[in-house]
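target_15.cif (mmCIF, C-alpha atoms)
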data_entry
loop_
_atom_site.group_PDB
_atom_site.id
_atom_site.type_symbol
_atom_site.label_atom_id
_atom_site.label_comp_id
_atom_site.auth_asym_id
_atom_site.auth_seq_id
_atom_site.Cartn_x
_atom_site.Cartn_y
_atom_site.Cartn_z
ATOM 1 C CA MET Z 10 0.000 0.000 0.000
ATOM 2 C CA LYS Z 11 1.387 3.403 -1.004
ATOM 3 C CA TYR Z 12 1.051 6.390 1.223
ATOM 4 C CA TYR Z 13 0.720 9.906 -0.109
ATOM 5 C CA LYS Z 14 4.030 10.911 1.426
ATOM 6 C CA ASP Z 15 5.796 8.191 -0.624
ATOM 7 C CA GLU Z 16 4.956 10.068 -3.838
ATOM 8 C CA TYR Z 17 5.376 13.562 -2.432
ATOM 9 C CA PRO Z 18 8.996 13.997 -1.314
ATOM 10 C CA MET Z 19 9.791 16.133 1.690
ATOM 11 C CA ASN Z 20 12.010 18.404 -0.410
ATOM 12 C CA HIS Z 21 9.192 19.208 -2.815
ATOM 13 C CA ILE Z 22 9.298 22.858 -3.957
ATOM 14 C CA SER Z 23 5.943 24.546 -4.208
ATOM 15 C CA CYS Z 24 5.052 26.149 -7.544
ATOM 16 C CA LEU Z 25 4.289 29.286 -5.512
ATOM 17 C CA GLN Z 26 8.043 29.705 -5.057
ATOM 18 C CA ILE Z 27 8.667 29.955 -8.811
ATOM 19 C CA PRO Z 28 9.604 33.644 -9.416
ATOM 20 C CA GLU Z 29 7.209 34.174 -12.340
ATOM 21 C CA ILE Z 30 4.244 32.700 -10.468
ATOM 22 C CA SER Z 31 5.123 34.563 -7.271
ATOM 23 C CA ALA Z 32 5.339 37.860 -9.176
ATOM 24 C CA PHE Z 33 1.976 37.189 -10.880
ATOM 25 C CA ILE Z 34 0.297 36.451 -7.547
ATOM 26 C CA ASN Z 35 1.758 39.608 -5.999
ATOM 27 C CA SER Z 36 0.515 41.691 -8.922
ATOM 28 C CA HIS Z 37 -2.914 40.042 -8.837
ATOM 29 C CA MET Z 38 -3.331 40.506 -5.090
ATOM 30 C CA SER Z 39 -2.191 44.090 -5.402
ATOM 31 C CA LYS Z 40 -4.934 44.778 -7.937
ATOM 32 C CA ILE Z 41 -7.559 43.084 -5.765
ATOM 33 C CA HIS Z 42 -6.666 45.214 -2.729
ATOM 34 C CA LYS Z 43 -6.196 48.441 -4.668
ATOM 35 C CA THR Z 44 -8.672 51.196 -3.788
ATOM 36 C CA SER Z 45 -9.664 54.173 -5.902
ATOM 37 C CA ASN Z 46 -7.319 56.265 -3.741
ATOM 38 C CA ASP Z 47 -4.477 53.851 -4.530
ATOM 39 C CA GLU Z 48 -5.222 54.027 -8.241
ATOM 40 C CA ASN Z 49 -5.354 57.825 -8.279
ATOM 41 C CA PHE Z 50 -2.113 58.081 -6.328
ATOM 42 C CA CYS Z 51 -0.278 55.622 -8.595
ATOM 43 C CA LYS Z 52 -1.564 57.296 -11.752
ATOM 44 C CA ASP Z 53 -0.523 60.784 -10.616
ATOM 45 C CA MET Z 54 2.825 59.592 -9.284
ATOM 46 C CA GLN Z 55 3.738 57.648 -12.425
ATOM 47 C CA GLY Z 56 2.708 60.602 -14.562
ATOM 48 C CA LEU Z 57 5.147 62.854 -12.708
ATOM 49 C CA LEU Z 58 7.987 60.326 -12.908
ATOM 50 C CA ASN Z 59 7.428 59.773 -16.629
ATOM 51 C CA LYS Z 60 7.892 63.488 -17.302
ATOM 52 C CA LEU Z 61 11.044 63.923 -15.209
ATOM 53 C CA ASN Z 62 13.966 65.727 -16.852
ATOM 54 C CA LYS Z 63 16.981 67.732 -15.697
ATOM 55 C CA ASN Z 64 14.975 70.977 -15.682
ATOM 56 C CA ASN Z 65 12.004 69.936 -13.524
ATOM 57 C CA ILE Z 66 13.522 67.809 -10.720
ATOM 58 C CA THR Z 67 12.742 70.356 -7.997
ATOM 59 C CA GLU Z 68 9.256 70.978 -9.391
ATOM 60 C CA THR Z 69 8.560 67.233 -9.526
ATOM 61 C CA ALA Z 70 9.778 66.822 -5.936
ATOM 62 C CA THR Z 71 7.398 69.575 -4.818
ATOM 63 C CA LYS Z 72 4.468 67.926 -6.590
ATOM 64 C CA LEU Z 73 5.265 64.512 -5.117
ATOM 65 C CA ARG Z 74 5.361 66.061 -1.659
ATOM 66 C CA ALA Z 75 1.889 67.450 -2.306
ATOM 67 C CA SER Z 76 0.517 64.206 -3.790
ATOM 68 C CA ASN Z 77 -2.170 62.207 -2.018
ATOM 69 C CA TYR Z 78 0.033 59.509 -0.482
ATOM 70 C CA SER Z 79 -1.698 58.311 2.668
ATOM 71 C CA THR Z 80 -0.436 54.805 3.549
ATOM 72 C CA TRP Z 81 2.859 52.982 3.952
ATOM 73 C CA LYS Z 82 1.896 51.079 0.806
ATOM 74 C CA HIS Z 83 2.022 54.374 -1.093
ATOM 75 C CA LEU Z 84 5.510 55.182 0.222
ATOM 76 C CA TYR Z 85 6.817 51.770 -0.791
ATOM 77 C CA LYS Z 86 5.180 52.132 -4.208
ATOM 78 C CA MET Z 87 6.811 55.531 -4.684
ATOM 79 C CA ALA Z 88 10.211 54.161 -3.664
ATOM 80 C CA GLU Z 89 9.939 51.131 -5.929
ATOM 81 C CA SER Z 90 8.761 53.233 -8.878
ATOM 82 C CA ILE Z 91 11.674 55.675 -8.521
ATOM 83 C CA ILE Z 92 14.241 52.882 -8.293
ATOM 84 C CA LEU Z 93 12.777 50.973 -11.240
ATOM 85 C CA LYS Z 94 12.918 54.178 -13.298
ATOM 86 C CA CYS Z 95 16.523 54.644 -12.208
ATOM 87 C CA VAL Z 96 17.318 51.052 -13.182
ATOM 88 C CA ASN Z 97 15.434 50.871 -16.471
ATOM 89 C CA ASP Z 98 16.418 54.263 -17.875
ATOM 90 C CA THR Z 99 20.152 54.538 -17.214
ATOM 91 C CA ASN Z 100 20.442 57.800 -19.184
ATOM 92 C CA TYR Z 101 18.254 59.452 -16.532
ATOM 93 C CA SER Z 102 19.367 57.481 -13.465
ATOM 94 C CA ASN Z 103 21.168 60.516 -12.049
ATOM 95 C CA PHE Z 104 17.942 62.557 -12.275
ATOM 96 C CA TYR Z 105 15.892 59.921 -10.432
ATOM 97 C CA ALA Z 106 18.560 59.603 -7.737
ATOM 98 C CA GLU Z 107 18.576 63.376 -7.277
ATOM 99 C CA LEU Z 108 14.783 63.374 -7.089
ATOM 100 C CA ALA Z 109 14.903 60.649 -4.433
ATOM 101 C CA SER Z 110 17.322 62.730 -2.363
ATOM 102 C CA LYS Z 111 14.948 65.709 -2.419
ATOM 103 C CA ILE Z 112 11.988 63.760 -1.028
ATOM 104 C CA SER Z 113 13.684 61.048 1.065
ATOM 105 C CA ASP Z 114 12.416 62.659 4.277
ATOM 106 C CA LEU Z 115 8.730 62.050 3.425
ATOM 107 C CA THR Z 116 7.226 60.375 6.494
ATOM 108 C CA LEU Z 117 3.957 58.602 7.312
ATOM 109 C CA LYS Z 118 2.733 57.282 10.635
ATOM 110 C CA GLU Z 119 0.829 54.004 10.956
ATOM 111 C CA ASN Z 120 0.115 52.111 14.178
ATOM 112 C CA ASN Z 121 2.159 54.652 16.147
ATOM 113 C CA LYS Z 122 5.230 53.963 13.978
ATOM 114 C CA ASN Z 123 6.885 56.289 11.479
ATOM 115 C CA LEU Z 124 8.099 55.170 8.076
ATOM 116 C CA THR Z 125 10.235 57.375 5.847
ATOM 117 C CA LEU Z 126 10.658 57.201 2.098
ATOM 118 C CA LEU Z 127 14.391 56.825 2.734
ATOM 119 C CA THR Z 128 13.769 53.557 4.591
ATOM 120 C CA CYS Z 129 11.582 52.365 1.719
ATOM 121 C CA LEU Z 130 14.241 53.262 -0.860
ATOM 122 C CA VAL Z 131 16.927 51.349 1.047
ATOM 123 C CA THR Z 132 14.644 48.351 1.623
ATOM 124 C CA VAL Z 133 13.602 48.108 -2.030
ATOM 125 C CA SER Z 134 17.225 48.481 -3.204
ATOM 126 C CA GLN Z 135 18.415 45.690 -0.919
ATOM 127 C CA ASP Z 136 15.500 43.447 -1.922
ATOM 128 C CA MET Z 137 16.328 43.867 -5.606
ATOM 129 C CA PHE Z 138 19.983 43.007 -5.021
ATOM 130 C CA ASP Z 139 19.147 40.041 -2.777
ATOM 131 C CA GLU Z 140 16.702 38.575 -5.297
ATOM 132 C CA LEU Z 141 19.167 38.980 -8.157
ATOM 133 C CA MET Z 142 21.678 37.049 -6.037
ATOM 134 C CA GLY Z 143 19.168 34.241 -5.512
ATOM 135 C CA GLY Z 144 17.584 35.343 -2.239
ATOM 136 C CA GLU Z 145 13.906 34.946 -1.410
ATOM 137 C CA ASN Z 146 11.196 37.558 -1.798
ATOM 138 C CA LYS Z 147 10.623 38.962 1.711
ATOM 139 C CA LEU Z 148 7.158 40.301 0.804
ATOM 140 C CA GLN Z 149 7.422 43.344 3.088
ATOM 141 C CA TYR Z 150 5.464 45.219 0.430
ATOM 142 C CA GLU Z 151 3.743 44.480 -2.884
ATOM 143 C CA HIS Z 152 6.352 44.021 -5.603
ATOM 144 C CA SER Z 153 5.191 45.118 -9.044
ATOM 145 C CA MET Z 154 7.505 42.722 -10.882
ATOM 146 C CA ASP Z 155 9.948 39.847 -10.521
ATOM 147 C CA TYR Z 156 13.187 41.562 -9.492
ATOM 148 C CA LYS Z 157 15.233 38.696 -10.945
ATOM 149 C CA LYS Z 158 14.413 40.110 -14.390
ATOM 150 C CA ILE Z 159 16.262 43.349 -13.653
ATOM 151 C CA ARG Z 160 19.529 43.812 -15.545
ATOM 152 C CA PHE Z 161 22.300 43.484 -12.954
ATOM 153 C CA GLN Z 162 24.535 46.131 -14.540
ATOM 154 C CA ASN Z 163 21.701 48.680 -14.469
ATOM 155 C CA LEU Z 164 21.019 48.005 -10.796
ATOM 156 C CA THR Z 165 24.659 48.573 -9.830
ATOM 157 C CA LYS Z 166 24.645 51.870 -11.740
ATOM 158 C CA CYS Z 167 21.497 52.853 -9.848
ATOM 159 C CA PHE Z 168 23.237 51.941 -6.577
ATOM 160 C CA GLY Z 169 26.175 54.166 -7.464
ATOM 161 C CA GLU Z 170 23.888 57.097 -8.243
ATOM 162 C CA MET Z 171 21.834 56.547 -5.088
ATOM 163 C CA PHE Z 172 25.066 56.459 -3.070
ATOM 164 C CA SER Z 173 26.307 59.667 -4.709
ATOM 165 C CA HIS Z 174 23.077 61.410 -3.676
ATOM 166 C CA GLY Z 175 23.104 60.137 -0.091
ATOM 167 C CA ILE Z 176 20.311 57.561 -0.329
ATOM 168 C CA LEU Z 177 22.513 54.476 0.103
ATOM 169 C CA ASN Z 178 25.435 54.600 2.501
ATOM 170 C CA GLU Z 179 28.985 53.421 1.931
ATOM 171 C CA LYS Z 180 28.400 50.207 3.879
ATOM 172 C CA VAL Z 181 25.820 49.080 1.297
ATOM 173 C CA ILE Z 182 28.221 49.848 -1.565
ATOM 174 C CA ILE Z 183 31.055 47.942 0.142
ATOM 175 C CA GLU Z 184 28.802 44.920 0.719
ATOM 176 C CA CYS Z 185 27.723 45.006 -2.909
ATOM 177 C CA TYR Z 186 31.353 45.319 -4.037
ATOM 178 C CA ASN Z 187 32.417 42.367 -1.874
ATOM 179 C CA VAL Z 188 29.645 40.168 -3.269
ATOM 180 C CA LEU Z 189 30.631 41.033 -6.844
ATOM 181 C CA MET Z 190 34.351 40.443 -6.228
ATOM 182 C CA LEU Z 191 33.744 37.114 -4.494
ATOM 183 C CA GLY Z 192 31.440 36.112 -7.337
ATOM 184 C CA ILE Z 193 34.151 36.883 -9.907
ATOM 185 C CA LEU Z 194 36.748 34.926 -7.924
ATOM 186 C CA ASN Z 195 34.341 31.981 -7.861
ATOM 187 C CA GLY Z 196 33.660 32.016 -11.591
ATOM 188 C CA LYS Z 197 30.656 34.355 -11.905
ATOM 189 C CA ASP Z 198 30.409 36.793 -14.812
ATOM 190 C CA TYR Z 199 30.144 39.953 -12.691
ATOM 191 C CA PHE Z 200 32.844 42.011 -14.435
ATOM 192 C CA GLU Z 201 30.499 44.509 -16.082
ATOM 193 C CA PRO Z 202 28.334 45.106 -12.978
ATOM 194 C CA LEU Z 203 31.542 45.563 -10.945
ATOM 195 C CA GLN Z 204 32.851 48.122 -13.425
ATOM 196 C CA THR Z 205 29.542 50.005 -13.386
ATOM 197 C CA LEU Z 206 29.303 50.065 -9.581
ATOM 198 C CA ILE Z 207 32.852 51.368 -9.114
ATOM 199 C CA MET Z 208 32.609 54.010 -11.838
ATOM 200 C CA ALA Z 209 29.289 55.315 -10.494
ATOM 201 C CA SER Z 210 30.421 55.517 -6.851
ATOM 202 C CA LYS Z 211 34.172 56.230 -6.990
ATOM 203 C CA ASN Z 212 33.938 60.013 -6.488
ATOM 204 C CA LYS Z 213 32.240 59.705 -3.094
ATOM 205 C CA LEU Z 214 34.090 56.733 -1.645
ATOM 206 C CA ASN Z 215 36.116 57.277 1.510
ATOM 207 C CA PRO Z 216 39.823 57.596 0.509
ATOM 208 C CA ASP Z 217 40.765 54.477 2.482
ATOM 209 C CA VAL Z 218 37.971 52.461 0.875
ATOM 210 C CA LYS Z 219 38.907 53.729 -2.575
ATOM 211 C CA ALA Z 220 42.555 52.813 -1.937
ATOM 212 C CA LYS Z 221 41.561 49.246 -0.965
ATOM 213 C CA VAL Z 222 39.351 48.909 -4.049
ATOM 214 C CA THR Z 223 42.205 50.168 -6.230
ATOM 215 C CA ASN Z 224 44.635 47.638 -4.725
ATOM 216 C CA ASP Z 225 42.091 44.829 -5.125
ATOM 217 C CA ILE Z 226 41.597 45.659 -8.803
ATOM 218 C CA LYS Z 227 45.373 45.888 -9.369
ATOM 219 C CA ASP Z 228 45.813 42.461 -7.795
ATOM 220 C CA LEU Z 229 42.991 41.077 -9.920
ATOM 221 C CA TYR Z 230 44.594 42.458 -13.078
ATOM 222 C CA LYS Z 231 48.001 40.994 -12.179
ATOM 223 C CA THR Z 232 46.657 37.455 -11.767
ATOM 224 C CA THR Z 233 47.368 36.897 -15.471
ATOM 225 C CA SER Z 234 50.897 35.885 -14.512
ATOM 226 C CA THR Z 235 50.474 34.660 -10.928
ATOM 227 C CA HIS Z 236 47.035 32.971 -11.128
ATOM 228 C CA LYS Z 237 46.624 33.810 -7.456
ATOM 229 C CA ILE Z 238 44.939 36.656 -5.627
ATOM 230 C CA ARG Z 239 44.393 37.461 -1.965
ATOM 231 C CA PHE Z 240 41.061 39.089 -1.212
ATOM 232 C CA ASN Z 241 39.754 39.918 2.278
ATOM 233 C CA ASP Z 242 42.430 37.723 3.934
ATOM 234 C CA LYS Z 243 41.699 34.664 1.794
ATOM 235 C CA ASP Z 244 43.653 33.239 -1.158
ATOM 236 C CA TYR Z 245 42.020 32.383 -4.472
ATOM 237 C CA ASN Z 246 43.230 30.772 -7.679
ATOM 238 C CA PHE Z 247 42.006 32.833 -10.605
ATOM 239 C CA ASP Z 248 42.229 33.192 -14.378
ATOM 240 C CA PHE Z 249 40.256 35.596 -16.536
ATOM 241 C CA PRO Z 250 37.584 33.597 -18.393
ATOM 242 C CA THR Z 251 37.934 35.810 -21.499
ATOM 243 C CA LYS Z 252 40.055 38.707 -22.773
ATOM 244 C CA LYS Z 253 36.944 40.890 -22.651
ATOM 245 C CA ASP Z 254 36.722 40.380 -18.886
ATOM 246 C CA LYS Z 255 40.297 41.535 -18.468
ATOM 247 C CA PHE Z 256 39.499 44.664 -20.509
ATOM 248 C CA PHE Z 257 36.711 45.524 -18.034
ATOM 249 C CA VAL Z 258 39.222 45.342 -15.172
ATOM 250 C CA GLN Z 259 41.783 47.360 -17.114
ATOM 251 C CA ASP Z 260 39.184 50.054 -17.773
ATOM 252 C CA ILE Z 261 38.400 50.236 -14.050
ATOM 253 C CA LEU Z 262 42.078 50.731 -13.254
ATOM 254 C CA GLU Z 263 42.509 53.453 -15.855
ATOM 255 C CA ASN Z 264 39.543 55.415 -14.495
ATOM 256 C CA LEU Z 265 39.986 55.049 -10.729
#
Would you write the structure of this file as structure tokens?
Amino acid sequence: MKYYKDEYPMNHISCLQIPEISAFINSHMSKIHKTSNDENFCKDMQGLLNKLNKNNITETATKLRASNYSTWKHLYKMAESIILKCVNDTNYSNFYAELASKISDLTLKENNKNLTLLTCLVTVSQDMFDELMGGENKLQYEHSMDYKKIRFQNLTKCFGEMFSHGILNEKVIIECYNVLMLGILNGKDYFEPLQTLIMASKNKLNPDVKAKVTNDIKDLYKTTSTHKIRFNDKDYNFDFPTKKDKFFVQDILENL
């Protein structure tokens, strides 16, 4: 006699954990729970973000401050929308980062607790990075898309811009840098995202941090002859997978 558990292994992965299905459910549930106030807020907010340019950043910030955001859900939606714009339109990422810096102090109180837009911006940024690195969706807010579909290079450029405008702190950039470097040393193709992150954040890095990054990149470049590199007190054997990858590292060195 067969028992159900014999045909349903303990390590079974629910289809609800598949990124595409999870994102669809989040989007569907968001629509179900969306009120007319939510719809009006999202429509007005997206309209302002779509029209952003270098000449109306302050005006857009003023209008967003005056918009009818009234719940924490609205703050998270605003944060996610700004970051997705920053990620998806890299030619304007600096404008969206500057906009974020002008309204990061927006605050709403729910259940005797305050939530700022700055907190939302940091949370959404970290969630996007975590999901791209294979982490789970924390579901602290309603995601509008599957973050795993975001282009990694674009996200690291967004991080650099957000750091330059004071939204993300240096600790976040260092953690991101360490993850990318360790990925490269373990065979991941993170050369382009690494280049983008460093180029976008180099001007604001603490001198000591910048010096360490520079030495790390020099050591990485020199592994052509030694095949060994020491990173964060640990030794790695390394060879560039392709000549193109080495060119990315060379370009970083020339521009640091």
May I have the residues at most 7 Å from (33.7, 47.0, -15.5) in the file's coordinates, counting all atoms listed in the file, as a PyMOL selection string?
-> chain Z and resi 200-205+257-258+260-261
Region 227-233 of chain Z environment, 7 Å, all atoms listed in the file, sequence neighbours closer than 6 positions dropped, as a ChimeraX atom specification = /Z:247-248,255,258-259
Using CA of Thr116 (chain Z) and CA of Glu89 (chain Z) as the two end points, give the distance in Å to one decimal.
-> 15.7 Å
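Closest approach to Glu140 (chain Z) from the set Z:Ile92, Z:Ile159, Z:Leu127, Z:Leu206 is made by Z:Ile159, with distances taken over all atoms listed in the file.
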Hey, can you check how far CA of Thr69 (chain Z) sits from CA of Leu57 (chain Z)?
-> 6.4 Å
Result set of the PyMOL selection byres ((chain Z and resi 94-102) around 9) on the coordinates above, as an MDAnalysis selection string | chainID Z and resid 58:59 61:63 89:93 103:107 159:160 162:168 170:171
From Z:Gly169, Z:His236, Z:Cys185, Z:Leu117, residue lying nearest Phe138 (chain Z) [all atoms listed in the file] | Z:Cys185
For Ala220 (chain Z), which residue among Z:Ile112, Z:Leu265, Z:Thr125, Z:Lys243 is the nearest when counting only C-alpha atoms?
->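 Between Z:Ile112, Z:Leu265, Z:Thr125, Z:Lys243, the residue approaching Ala220 (chain Z) most closely is Z:Leu265.
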Could you give me the centre and size, in Å to one decimal, of an axis-aligned box around all listed atoms of region 224-232 of chain Z with 4 Å added on every side, as AutoDock Vina command-line options?
--center_x 44.8 --center_y 42.5 --center_z -8.9 --size_x 14.4 --size_y 18.2 --size_z 16.4
Explicit residue set for the PyMOL selection byres ((chain Z and resi 80) around 12), as a compact mmCIF listing (two decimals) with C-alpha atoms, in the frame of the given file:
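See part_37.txt below for the written result:
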# COMPACT_ATOMS: atom_id res chain seq x y z
CA LYS Z 43 -6.20 48.44 -4.67
CA THR Z 44 -8.67 51.20 -3.79
CA ASN Z 46 -7.32 56.26 -3.74
CA ASP Z 47 -4.48 53.85 -4.53
CA PHE Z 50 -2.11 58.08 -6.33
CA SER Z 76 0.52 64.21 -3.79
CA ASN Z 77 -2.17 62.21 -2.02
CA TYR Z 78 0.03 59.51 -0.48
CA SER Z 79 -1.70 58.31 2.67
CA TRP Z 81 2.86 52.98 3.95
CA LYS Z 82 1.90 51.08 0.81
CA HIS Z 83 2.02 54.37 -1.09
CA LEU Z 84 5.51 55.18 0.22
CA TYR Z 85 6.82 51.77 -0.79
CA LYS Z 86 5.18 52.13 -4.21
CA MET Z 87 6.81 55.53 -4.68
CA LEU Z 115 8.73 62.05 3.42
CA THR Z 116 7.23 60.38 6.49
CA LEU Z 117 3.96 58.60 7.31
CA LYS Z 118 2.73 57.28 10.64
CA GLU Z 119 0.83 54.00 10.96
CA ASN Z 120 0.12 52.11 14.18
CA LYS Z 122 5.23 53.96 13.98
CA ASN Z 123 6.88 56.29 11.48
CA LEU Z 124 8.10 55.17 8.08
CA THR Z 125 10.24 57.38 5.85
CA LEU Z 126 10.66 57.20 2.10
CA TYR Z 150 5.46 45.22 0.43
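When only C-alpha atoms are used to measure the gap to Thr251 (chain Z), the shortest distance among Z:Glu48, Z:Asp198, Z:Glu179, Z:His152 belongs to Z:Asp198.
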Nearest to Lys157 (chain Z) among Z:Lys211, Z:Asp139, Z:Cys51, Z:Leu108, with distances taken over only C-alpha atoms: which residue is it?
-> Z:Asp139
Shortest interatomic distance to Gly192 (chain Z) - which of Z:Ala70, Z:Lys180, Z:Met142, Z:Glu151, counting all atoms listed in the file =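 That would be Z:Met142, the residue with the smallest distance to Gly192 (chain Z).
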Gap from CA of Asn187 (chain Z) to CA of Ser110 (chain Z) - Å, one decimal |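 Separating CA of Asn187 (chain Z) from CA of Ser110 (chain Z) is a distance of 25.4 Å.
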